[in-house]
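J.: Provided below: final.txt, containing compact mmCIF, C-alpha atoms.
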```txt
# COMPACT_ATOMS: atom_id res chain seq x y z
CA MET A 1 0.00 0.00 0.00
CA LEU A 2 2.81 2.40 0.87
CA SER A 3 4.56 1.61 -2.40
CA GLU A 4 1.39 2.39 -4.36
CA LEU A 5 0.97 5.64 -2.44
CA GLY A 6 4.58 6.51 -3.20
CA LYS A 7 4.02 5.87 -6.90
CA LYS A 8 0.94 8.08 -6.92
CA LEU A 9 2.78 10.88 -5.13
CA ALA A 10 5.70 10.60 -7.54
CA GLU A 11 3.34 10.72 -10.53
CA ARG A 12 1.56 13.74 -9.08
CA TRP A 13 4.87 15.49 -8.37
CA LEU A 14 6.03 14.78 -11.91
CA THR A 15 2.77 15.88 -13.55
CA LEU A 16 2.06 19.00 -11.54
CA LEU A 17 5.54 20.35 -10.91
CA VAL A 18 8.38 18.85 -12.94
CA LEU A 19 6.91 18.59 -16.45
CA PRO A 20 5.37 22.08 -16.66
CA GLY A 21 8.40 23.43 -14.78
CA ALA A 22 10.78 21.81 -17.27
CA LEU A 23 8.91 23.42 -20.15
CA PHE A 24 9.02 26.79 -18.41
CA VAL A 25 12.75 26.56 -17.66
CA ALA A 26 13.50 25.58 -21.26
CA ILE A 27 11.43 28.46 -22.67
CA LEU A 28 12.95 30.88 -20.17
CA ALA A 29 16.47 29.82 -21.15
CA ALA A 30 15.60 30.26 -24.83
CA ALA A 31 14.14 33.71 -24.14
CA TRP A 32 17.29 34.72 -22.28
CA GLN A 33 19.42 33.49 -25.18
CA LEU A 34 17.42 35.33 -27.85
CA GLY A 35 16.71 38.58 -26.00
CA HIS A 36 14.69 41.50 -27.32
CA THR A 37 16.96 42.50 -30.18
CA GLY A 38 17.52 39.04 -31.66
CA TRP A 39 14.03 37.77 -31.01
CA TYR A 40 13.74 36.22 -34.49
CA GLU A 41 17.15 34.46 -34.65
CA VAL A 42 15.95 30.94 -33.92
CA GLY A 43 18.77 29.44 -35.97
CA ARG A 44 21.34 31.04 -33.67
CA LEU A 45 19.52 29.56 -30.69
CA LEU A 46 19.63 26.06 -32.17
CA GLY A 47 23.32 26.36 -32.99
CA SER A 48 24.17 27.58 -29.51
CA THR A 49 22.17 24.71 -27.99
CA ASP A 50 24.04 22.15 -30.09
CA ASP A 51 27.42 23.59 -29.06
CA LYS A 52 26.55 23.49 -25.38
CA ALA A 53 25.20 19.95 -25.65
CA LYS A 54 28.41 18.75 -27.29
CA SER A 55 30.57 20.39 -24.61
CA LEU A 56 28.51 18.88 -21.80
CA SER A 57 28.39 15.41 -23.34
CA ALA A 58 32.16 15.18 -23.00
CA SER A 59 31.80 15.06 -19.22
CA ALA A 60 29.44 12.57 -17.57
CA ALA A 61 29.67 14.45 -14.28
CA GLY A 62 28.80 17.71 -16.00
CA THR A 63 25.80 16.12 -17.72
CA ALA A 64 24.53 14.64 -14.45
CA LEU A 65 25.00 17.95 -12.64
CA LEU A 66 23.16 19.84 -15.38
CA LEU A 67 20.29 17.35 -15.25
CA ILE A 68 20.00 17.66 -11.47
CA VAL A 69 20.04 21.46 -11.62
CA PHE A 70 17.47 21.42 -14.42
CA LEU A 71 15.09 19.12 -12.54
CA LEU A 72 15.44 21.07 -9.30
CA SER A 73 14.84 24.33 -11.13
CA ALA A 74 11.77 22.88 -12.82
CA ALA A 75 10.37 21.61 -9.52
CA GLY A 76 11.11 24.94 -7.83
CA CYS A 77 9.27 26.84 -10.57
CA GLY A 78 6.36 24.44 -10.14
CA VAL A 79 6.21 25.17 -6.42
CA VAL A 80 6.25 28.91 -7.11
CA ALA A 81 3.45 28.57 -9.68
CA GLN A 82 1.36 26.55 -7.22
CA ALA A 83 1.89 29.22 -4.55
CA ILE A 84 0.83 31.97 -6.96
CA GLY A 85 -2.20 29.87 -7.88
CA SER A 86 -3.20 29.57 -4.22
CA LEU A 87 -3.00 33.35 -3.92
CA LEU A 88 -5.09 33.76 -7.07
CA GLU A 89 -7.67 31.37 -5.67
CA ARG A 90 -7.92 33.44 -2.51
CA LEU A 91 -8.34 36.61 -4.57
CA TRP A 92 -10.95 35.01 -6.84
CA PHE A 93 -13.10 33.78 -3.96
CA ALA A 94 -12.40 36.85 -1.77
CA ALA A 95 -14.14 35.28 1.21
CA ASP A 96 -12.13 37.38 3.68
CA TRP A 97 -11.83 40.59 1.66
CA ARG A 98 -12.96 42.70 4.63
CA GLN A 99 -9.80 41.58 6.48
CA TRP A 100 -7.45 42.43 3.62
CA THR A 101 -4.90 45.11 4.31
CA PRO A 102 -5.25 48.53 2.69
CA PRO A 103 -5.23 49.44 -0.15
CA LEU A 104 -6.53 46.02 -1.26
CA ARG A 105 -9.50 46.27 1.11
CA TRP A 106 -10.41 49.72 -0.20
CA LEU A 107 -10.17 48.59 -3.81
CA ALA A 108 -12.27 45.52 -3.03
CA HIS A 109 -14.91 47.66 -1.31
CA ARG A 110 -15.12 50.02 -4.30
CA ARG A 111 -15.53 47.06 -6.61
CA VAL A 112 -18.30 45.59 -4.43
CA VAL A 113 -20.15 48.92 -4.53
CA ARG A 114 -19.82 49.14 -8.32
CA ARG A 115 -21.00 45.56 -8.76
CA GLN A 116 -23.99 46.23 -6.50
CA GLN A 117 -24.93 49.27 -8.58
CA ARG A 118 -24.69 47.29 -11.83
CA TYR A 119 -26.68 44.45 -10.29
CA ARG A 120 -29.51 46.79 -9.20
CA HIS A 121 -29.60 48.40 -12.65
CA ARG A 122 -29.85 45.08 -14.47
CA ARG A 123 -32.32 43.68 -11.91
CA ASP A 124 -34.58 46.69 -12.53
CA GLU A 125 -34.24 46.04 -16.26
CA VAL A 126 -35.34 42.43 -15.76
CA GLY A 127 -38.32 43.60 -13.68
CA ARG A 128 -39.33 46.14 -16.31
CA ILE A 129 -39.22 43.61 -19.15
CA ALA A 130 -41.03 40.98 -17.06
CA ALA A 131 -43.82 43.45 -16.25
CA LEU A 132 -44.12 44.33 -19.93
CA SER A 133 -44.32 40.62 -20.82
CA HIS A 134 -47.15 40.04 -18.35
CA ALA A 135 -49.06 43.00 -19.75
CA LEU A 136 -49.02 41.64 -23.32
CA ASP A 137 -51.16 38.90 -24.76
CA GLU A 138 -49.60 35.57 -25.69
CA SER A 139 -49.27 36.34 -29.41
CA ALA A 140 -47.24 39.50 -28.82
CA ARG A 141 -45.14 38.12 -25.95
CA GLN A 142 -42.56 36.09 -27.89
CA ASP A 143 -40.13 38.90 -28.72
CA VAL A 144 -40.39 40.34 -25.22
CA ASP A 145 -39.71 36.93 -23.66
CA ALA A 146 -36.56 36.61 -25.78
CA GLU A 147 -35.46 40.04 -24.55
CA LEU A 148 -36.22 38.91 -20.99
CA ASP A 149 -33.96 35.85 -21.39
CA VAL A 150 -31.12 38.11 -22.51
CA ALA A 151 -31.67 40.43 -19.56
CA VAL A 152 -31.67 37.51 -17.11
CA ARG A 153 -28.38 36.22 -18.56
CA ARG A 154 -26.85 39.68 -18.30
CA LEU A 155 -27.93 39.82 -14.66
CA SER A 156 -26.39 36.42 -13.90
CA GLU A 157 -23.12 37.60 -15.44
CA ILE A 158 -22.80 39.92 -12.46
CA SER A 159 -24.12 37.60 -9.75
CA ASP A 160 -26.89 35.14 -8.96
CA GLU A 161 -27.68 37.07 -5.78
CA PRO A 162 -27.02 40.69 -4.72
CA PRO A 163 -23.21 41.02 -4.74
CA ARG A 164 -21.37 40.81 -1.45
CA ARG A 165 -17.86 40.07 -2.72
CA PRO A 166 -15.67 41.85 -5.28
CA THR A 167 -15.59 38.93 -7.77
CA TRP A 168 -18.12 36.84 -9.67
CA MET A 169 -16.56 33.60 -8.41
CA GLY A 170 -16.76 34.76 -4.81
CA ASP A 171 -20.41 35.70 -5.20
CA ARG A 172 -21.16 32.39 -6.93
CA ILE A 173 -19.98 30.55 -3.82
CA GLN A 174 -21.71 33.06 -1.53
CA ALA A 175 -24.97 32.60 -3.44
CA VAL A 176 -25.16 28.98 -2.29
CA ASP A 177 -25.07 30.06 1.34
CA ILE A 178 -27.63 32.81 0.73
CA ARG A 179 -30.11 30.51 -1.00
CA LEU A 180 -29.76 27.70 1.52
CA HIS A 181 -30.27 30.10 4.40
CA GLY A 182 -33.22 31.78 2.72
CA SER A 183 -35.10 28.62 1.73
CA LEU A 184 -33.99 26.03 4.31
CA GLY A 185 -32.73 28.10 7.25
CA LEU A 186 -29.27 26.49 7.00
CA GLU A 187 -25.88 28.08 7.57
CA LEU A 188 -23.57 26.35 5.13
CA ALA A 189 -20.39 26.92 7.12
CA VAL A 190 -21.96 25.16 10.13
CA VAL A 191 -23.78 22.32 8.38
CA TRP A 192 -21.33 21.43 5.62
CA PRO A 193 -18.55 19.74 7.70
CA HIS A 194 -21.08 17.40 9.32
CA LEU A 195 -22.88 16.75 6.07
CA TRP A 196 -19.58 16.01 4.33
CA LEU A 197 -18.98 13.10 6.68
CA HIS A 198 -22.49 11.80 6.05
CA VAL A 199 -22.90 11.95 2.26
CA PRO A 200 -22.14 8.87 0.10
CA GLU A 201 -18.69 8.32 -1.33
CA SER A 202 -19.93 9.04 -4.86
CA THR A 203 -21.11 12.49 -3.79
CA ARG A 204 -17.83 13.25 -2.04
CA SER A 205 -15.91 12.14 -5.12
CA SER A 206 -17.93 14.41 -7.42
CA VAL A 207 -17.57 17.44 -5.14
CA THR A 208 -13.84 16.78 -4.61
CA THR A 209 -13.24 16.51 -8.35
CA ALA A 210 -15.08 19.78 -8.97
CA ARG A 211 -13.06 21.50 -6.23
CA GLU A 212 -9.81 20.20 -7.71
CA GLU A 213 -10.80 21.66 -11.06
CA VAL A 214 -10.91 25.09 -9.43
CA SER A 215 -7.45 24.57 -7.92
CA ARG A 216 -6.05 23.37 -11.24
CA ALA A 217 -7.41 26.46 -12.97
CA ALA A 218 -5.81 28.65 -10.30
CA ALA A 219 -2.49 26.82 -10.73
CA LEU A 220 -2.71 27.45 -14.47
CA GLY A 221 -3.19 31.12 -13.68
CA GLY A 222 -0.07 30.94 -11.53
CA TRP A 223 1.88 29.62 -14.51
CA GLY A 224 0.45 32.43 -16.62
CA LEU A 225 1.81 35.06 -14.24
CA LEU A 226 5.13 33.25 -14.00
CA TYR A 227 5.46 33.33 -17.79
CA LEU A 228 5.64 37.12 -17.55
CA LEU A 229 9.34 36.52 -16.93
CA VAL A 230 9.60 35.10 -20.44
CA GLY A 231 8.00 38.24 -21.83
CA ALA A 232 10.41 40.38 -19.85
CA LEU A 233 13.34 38.68 -21.58
CA TRP A 234 11.81 38.11 -25.04
CA TRP A 235 8.95 40.39 -26.03
CA PRO A 236 7.08 37.92 -28.31
CA GLY A 237 6.73 35.78 -25.19
CA LEU A 238 4.23 38.27 -23.75
CA LEU A 239 1.55 36.52 -25.76
CA VAL A 240 2.03 33.34 -23.72
CA PRO A 241 1.00 34.71 -20.28
CA VAL A 242 -1.98 36.49 -21.82
CA VAL A 243 -3.32 33.30 -23.40
CA ILE A 244 -2.62 31.17 -20.33
CA THR A 245 -4.15 33.66 -17.87
CA VAL A 246 -7.32 34.18 -19.92
CA THR A 247 -7.72 30.42 -20.29
CA ALA A 248 -7.22 29.93 -16.55
CA TRP A 249 -9.78 32.60 -15.72
CA ARG A 250 -12.41 31.07 -18.00
CA ARG A 251 -11.75 27.59 -16.65
CA ALA A 252 -11.97 28.89 -13.09
CA ARG A 253 -15.38 30.47 -13.70
CA THR A 254 -16.73 27.27 -15.22
CA ALA A 255 -15.22 25.11 -12.47
CA THR A 256 -16.52 27.41 -9.72
CA ASP A 257 -20.03 27.29 -11.13
CA GLY A 258 -19.90 23.48 -11.26
CA TYR A 259 -18.51 23.23 -7.75
CA ALA A 260 -21.13 25.58 -6.29
CA THR A 261 -23.91 23.69 -8.07
CA LEU A 262 -22.73 20.35 -6.67
CA VAL A 263 -22.38 21.69 -3.13
CA GLU A 264 -25.91 23.10 -3.14
CA ALA A 265 -27.30 19.90 -4.65
CA ALA A 266 -25.52 17.76 -2.05
CA VAL A 267 -26.95 19.83 0.80
CA ARG A 268 -30.51 19.78 -0.53
CA LEU A 269 -30.41 16.05 -1.25
CA HIS A 270 -28.81 14.82 1.98
CA VAL A 271 -29.57 17.34 4.73
CA GLY A 272 -32.80 15.49 5.56
CA ASP A 273 -30.84 12.27 6.16
CA LEU A 274 -28.43 14.15 8.40
CA ALA A 275 -31.30 15.63 10.44
CA ARG A 276 -32.92 12.22 10.78
CA GLN A 277 -29.65 10.64 11.91
CA LEU A 278 -29.26 13.33 14.58
CA GLY A 279 -32.74 12.56 15.94
CA PHE A 280 -34.79 15.39 14.43
CA PRO A 281 -38.41 14.60 13.52
CA TYR A 282 -38.01 14.42 9.75
CA SER A 283 -39.22 11.52 7.61
CA THR A 284 -40.08 12.62 4.06
CA GLY A 285 -41.41 15.64 2.24
CA PRO A 286 -40.16 19.21 2.09
CA PHE A 287 -37.37 20.17 4.48
CA THR A 288 -38.79 23.14 6.39
CA ARG A 289 -36.99 26.33 7.29
CA ARG A 290 -37.77 25.86 10.99
CA LEU A 291 -36.12 22.44 10.91
CA GLY A 292 -33.09 23.90 9.17
CA GLU A 293 -32.75 26.61 11.80
CA ASP A 294 -32.99 24.03 14.60
CA LEU A 295 -30.43 21.80 12.90
CA THR A 296 -28.02 24.71 12.45
CA ALA A 297 -28.41 25.75 16.08
CA HIS A 298 -27.87 22.18 17.24
CA LEU A 299 -24.68 21.77 15.22
CA ARG A 300 -23.30 25.20 16.15
CA ARG A 301 -23.99 25.37 19.89
CA GLY A 302 -25.57 22.05 20.84
CA GLU A 303 -29.00 23.68 20.96
CA GLY A 304 -32.21 22.65 19.28
CA GLN A 305 -34.12 19.44 19.39
CA GLN A 306 -32.33 16.15 19.79
```
Before anything else, please render the file you have as structure tokens.

T.:
Amino acid sequence: MLSELGKKLAERWLTLLVLPGALFVAILAAAWQLGHTGWYEVGRLLGSTDDKAKSLSASAAGTALLLIVFLLSAAGCGVVAQAIGSLLERLWFAADWRQWTPPLRWLAHRRVVRRQQRYRHRRDEVGRIAALSHALDESARQDVDAELDVAVRRLSEISDEPPRRPTWMGDRIQAVDIRLHGSLGLELAVVWPHLWLHVPESTRSSVTTAREEVSRAAALGGWGLLYLLVGALWWPGLLVPVVITVTAWRRARTATDGYATLVEAAVRLHVGDLARQLGFPYSTGPFTRRLGEDLTAHLRRGEGQQ
């Protein structure tokens, strides 16, 4: 069992750190060799690489040393990219933005205010179009309903609920808590750890996979920022971090939406089983808000019905 675990850790280390790090180190070395002025002289780069390879192949010790340095550099770059990705993930979710140090907290607050203003404007637009649709007869309602669908999509591009965080991804996670508290009386931060231990393995696997997708997207964003070093040495390389960062951001939005959807679905599907296991009077049917409030109180402070 330990040998299998060691193999999996080695594969994960190789996949997440060494391979992308090796590519980065190679591209960075090429960018340093070409520079800004000779950015197009690829032939000179190939010739220089061949000369260095021939000189190193004459010494086995030199080749081994170069390989060790290369692998360590690649792994080190991978660790740095993962660290940057963790920071990006924290910024994207912005759960603790009120505790950020100035000026980040001030900038986050201004962005929250702007997002709230845009949300109110688009929500009013949705209400206006919906009222117009209800006032029309069925034959004249088709075009207005299509306009209403567009307005609803534009509203969801800002947030599913009134914005409370400076980012869409943060509000997408926050919206789960808001909806569960509003409809079921549950506080997600209190209920989720207990529910996580209760849900089936298939549910945990699906939620874990979705959460890992968010982390992988953030790590890709970390690589995108790290590739700015390539652009600093070789100006055509500036295209690389732009493409990688945009791709990471789009993947993160998609992954966050999937993760939030699965978390909310898991709570709604299994919270009744959790309440029943804890001795609350729930058998079947709708899970009431009063029961959710009692369950939350019981799990938070040991209050509520046993």

J.: Show which residues sit within 8 Å of range 96-108 of chain A, as number ranges by chain. Count only C-alpha atoms, and ignore same-chain residues fewer than 3 positions away.

T.: A: 111-112, 165-166

J.: Could you give me, as a ChimeraX atom specification, the residues that have an atom at most 10 Å away from the point (-1.1, 40.1, -19.4) in the coordinates of the file, using all atoms listed in the file?

T.: /A:224-225,227-228,231,238-246

J.: Could you check how far CA of Gln174 in chain A sits from CA of Ala252 in chain A, in Å to one decimal?

T.: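 For CA of Gln174 in chain A relative to CA of Ala252 in chain A, the distance reads 15.7 Å.
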
J.: Near Gly127 in chain A, counting all atoms listed in the file, which residues have an atom at most 12 Å away, once you skip same-chain residues fewer than 4 positions from it, shown as a VMD selection string?

T.: chain A and resid 120 to 123 131 to 134 147 to 149 151 to 152 155

J.: Could you check how far CA of Val271 in chain A sits from CA of Thr256 in chain A, in Å to one decimal?

T.: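 Computing it gives 21.9 Å between the two atoms.
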
J.: Hey, can I get the axis-aligned box for range 147-160 of chain A? All listed atoms, 5 Å padding on each side, centre and edge lengths in Å to one decimal, as AutoDock Vina command-line options.

T.:
```
--center_x -29.5 --center_y 37.8 --center_z -16.8 --size_x 23.4 --size_y 15.3 --size_z 25.6
```

J.: Distance CA of Val25 in chain A-CA of Ala75 in chain A, one decimal place?

T.: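 So the two atoms, CA of Val25 in chain A and CA of Ala75 in chain A, lie 9.8 Å apart.
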
J.: Have a look at A:Leu278, A:Ala135, A:Leu229, A:Val263 and name the one nearest to Ala29 in chain A; count all atoms listed in the file.

T.: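 Among A:Leu278, A:Ala135, A:Leu229, A:Val263, it is A:Leu229 that comes nearest to Ala29 in chain A.
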
J.: Given the choices A:His194, A:His181, A:Arg253, A:His109, which gets closest to Ser215 in chain A if the distance is worked out from all atoms listed in the file?

T.: A:Arg253

J.: Determine, counting all atoms listed in the file, which protein, DNA and RNA residues have an atom within 12 Å of an atom of Tyr119 in chain A; residues of the same chain fewer than 5 positions away are not included. Present the result as a count of residues only.

T.: 22

J.: Can you put N, CA and C atoms back into range 76-101 of chain A and show it as a PDB file, in the frame of the given file?

T.:
```pdb
ATOM      1  N   GLY A  76      11.239  23.687  -8.567  1.00  0.00           N
ATOM      2  CA  GLY A  76      11.110  24.940  -7.830  1.00  0.00           C
ATOM      3  C   GLY A  76      10.154  25.899  -8.511  1.00  0.00           C
ATOM      4  N   CYS A  77      10.223  25.985  -9.843  1.00  0.00           N
ATOM      5  CA  CYS A  77       9.270  26.840 -10.570  1.00  0.00           C
ATOM      6  C   CYS A  77       7.850  26.329 -10.403  1.00  0.00           C
ATOM      7  N   GLY A  78       7.688  25.001 -10.363  1.00  0.00           N
ATOM      8  CA  GLY A  78       6.360  24.440 -10.140  1.00  0.00           C
ATOM      9  C   GLY A  78       5.804  24.814  -8.786  1.00  0.00           C
ATOM     10  N   VAL A  79       6.650  24.785  -7.767  1.00  0.00           N
ATOM     11  CA  VAL A  79       6.210  25.170  -6.420  1.00  0.00           C
ATOM     12  C   VAL A  79       5.793  26.639  -6.399  1.00  0.00           C
ATOM     13  N   VAL A  80       6.582  27.483  -7.061  1.00  0.00           N
ATOM     14  CA  VAL A  80       6.250  28.910  -7.110  1.00  0.00           C
ATOM     15  C   VAL A  80       4.922  29.130  -7.828  1.00  0.00           C
ATOM     16  N   ALA A  81       4.709  28.421  -8.949  1.00  0.00           N
ATOM     17  CA  ALA A  81       3.450  28.570  -9.680  1.00  0.00           C
ATOM     18  C   ALA A  81       2.265  28.108  -8.840  1.00  0.00           C
ATOM     19  N   GLN A  82       2.429  27.019  -8.087  1.00  0.00           N
ATOM     20  CA  GLN A  82       1.360  26.550  -7.220  1.00  0.00           C
ATOM     21  C   GLN A  82       1.049  27.579  -6.124  1.00  0.00           C
ATOM     22  N   ALA A  83       2.093  28.199  -5.587  1.00  0.00           N
ATOM     23  CA  ALA A  83       1.890  29.220  -4.550  1.00  0.00           C
ATOM     24  C   ALA A  83       1.147  30.430  -5.115  1.00  0.00           C
ATOM     25  N   ILE A  84       1.540  30.863  -6.315  1.00  0.00           N
ATOM     26  CA  ILE A  84       0.830  31.970  -6.960  1.00  0.00           C
ATOM     27  C   ILE A  84      -0.616  31.586  -7.225  1.00  0.00           C
ATOM     28  N   GLY A  85      -0.836  30.330  -7.646  1.00  0.00           N
ATOM     29  CA  GLY A  85      -2.200  29.870  -7.880  1.00  0.00           C
ATOM     30  C   GLY A  85      -3.044  29.887  -6.626  1.00  0.00           C
ATOM     31  N   SER A  86      -2.462  29.517  -5.488  1.00  0.00           N
ATOM     32  CA  SER A  86      -3.200  29.570  -4.220  1.00  0.00           C
ATOM     33  C   SER A  86      -3.591  31.000  -3.879  1.00  0.00           C
ATOM     34  N   LEU A  87      -2.682  31.939  -4.154  1.00  0.00           N
ATOM     35  CA  LEU A  87      -3.000  33.350  -3.920  1.00  0.00           C
ATOM     36  C   LEU A  87      -4.103  33.816  -4.853  1.00  0.00           C
ATOM     37  N   LEU A  88      -4.030  33.400  -6.125  1.00  0.00           N
ATOM     38  CA  LEU A  88      -5.090  33.760  -7.070  1.00  0.00           C
ATOM     39  C   LEU A  88      -6.439  33.213  -6.616  1.00  0.00           C
ATOM     40  N   GLU A  89      -6.432  31.984  -6.141  1.00  0.00           N
ATOM     41  CA  GLU A  89      -7.670  31.370  -5.670  1.00  0.00           C
ATOM     42  C   GLU A  89      -8.269  32.164  -4.519  1.00  0.00           C
ATOM     43  N   ARG A  90      -7.426  32.624  -3.630  1.00  0.00           N
ATOM     44  CA  ARG A  90      -7.920  33.440  -2.510  1.00  0.00           C
ATOM     45  C   ARG A  90      -8.494  34.757  -3.016  1.00  0.00           C
ATOM     46  N   LEU A  91      -7.839  35.356  -4.013  1.00  0.00           N
ATOM     47  CA  LEU A  91      -8.340  36.610  -4.570  1.00  0.00           C
ATOM     48  C   LEU A  91      -9.634  36.390  -5.338  1.00  0.00           C
ATOM     49  N   TRP A  92      -9.737  35.289  -6.059  1.00  0.00           N
ATOM     50  CA  TRP A  92     -10.950  35.010  -6.840  1.00  0.00           C
ATOM     51  C   TRP A  92     -12.147  34.777  -5.944  1.00  0.00           C
ATOM     52  N   PHE A  93     -11.983  34.056  -4.866  1.00  0.00           N
ATOM     53  CA  PHE A  93     -13.100  33.780  -3.960  1.00  0.00           C
ATOM     54  C   PHE A  93     -13.358  34.957  -3.010  1.00  0.00           C
ATOM     55  N   ALA A  94     -12.288  35.625  -2.586  1.00  0.00           N
ATOM     56  CA  ALA A  94     -12.400  36.850  -1.770  1.00  0.00           C
ATOM     57  C   ALA A  94     -13.326  36.681  -0.582  1.00  0.00           C
ATOM     58  N   ALA A  95     -13.257  35.524   0.079  1.00  0.00           N
ATOM     59  CA  ALA A  95     -14.140  35.280   1.210  1.00  0.00           C
ATOM     60  C   ALA A  95     -13.821  36.191   2.393  1.00  0.00           C
ATOM     61  N   ASP A  96     -12.552  36.568   2.535  1.00  0.00           N
ATOM     62  CA  ASP A  96     -12.130  37.380   3.680  1.00  0.00           C
ATOM     63  C   ASP A  96     -11.688  38.780   3.235  1.00  0.00           C
ATOM     64  N   TRP A  97     -12.319  39.329   2.204  1.00  0.00           N
ATOM     65  CA  TRP A  97     -11.830  40.590   1.660  1.00  0.00           C
ATOM     66  C   TRP A  97     -11.935  41.731   2.670  1.00  0.00           C
ATOM     67  N   ARG A  98     -12.835  41.644   3.619  1.00  0.00           N
ATOM     68  CA  ARG A  98     -12.960  42.700   4.630  1.00  0.00           C
ATOM     69  C   ARG A  98     -11.765  42.718   5.579  1.00  0.00           C
ATOM     70  N   GLN A  99     -11.002  41.627   5.634  1.00  0.00           N
ATOM     71  CA  GLN A  99      -9.800  41.580   6.480  1.00  0.00           C
ATOM     72  C   GLN A  99      -8.527  41.847   5.696  1.00  0.00           C
ATOM     73  N   TRP A 100      -8.644  42.118   4.398  1.00  0.00           N
ATOM     74  CA  TRP A 100      -7.450  42.430   3.620  1.00  0.00           C
ATOM     75  C   TRP A 100      -6.859  43.750   4.083  1.00  0.00           C
ATOM     76  N   THR A 101      -5.569  43.875   3.921  1.00  0.00           N
ATOM     77  CA  THR A 101      -4.900  45.110   4.310  1.00  0.00           C
ATOM     78  C   THR A 101      -5.105  46.186   3.249  1.00  0.00           C
TER      79      THR A 101
END
```
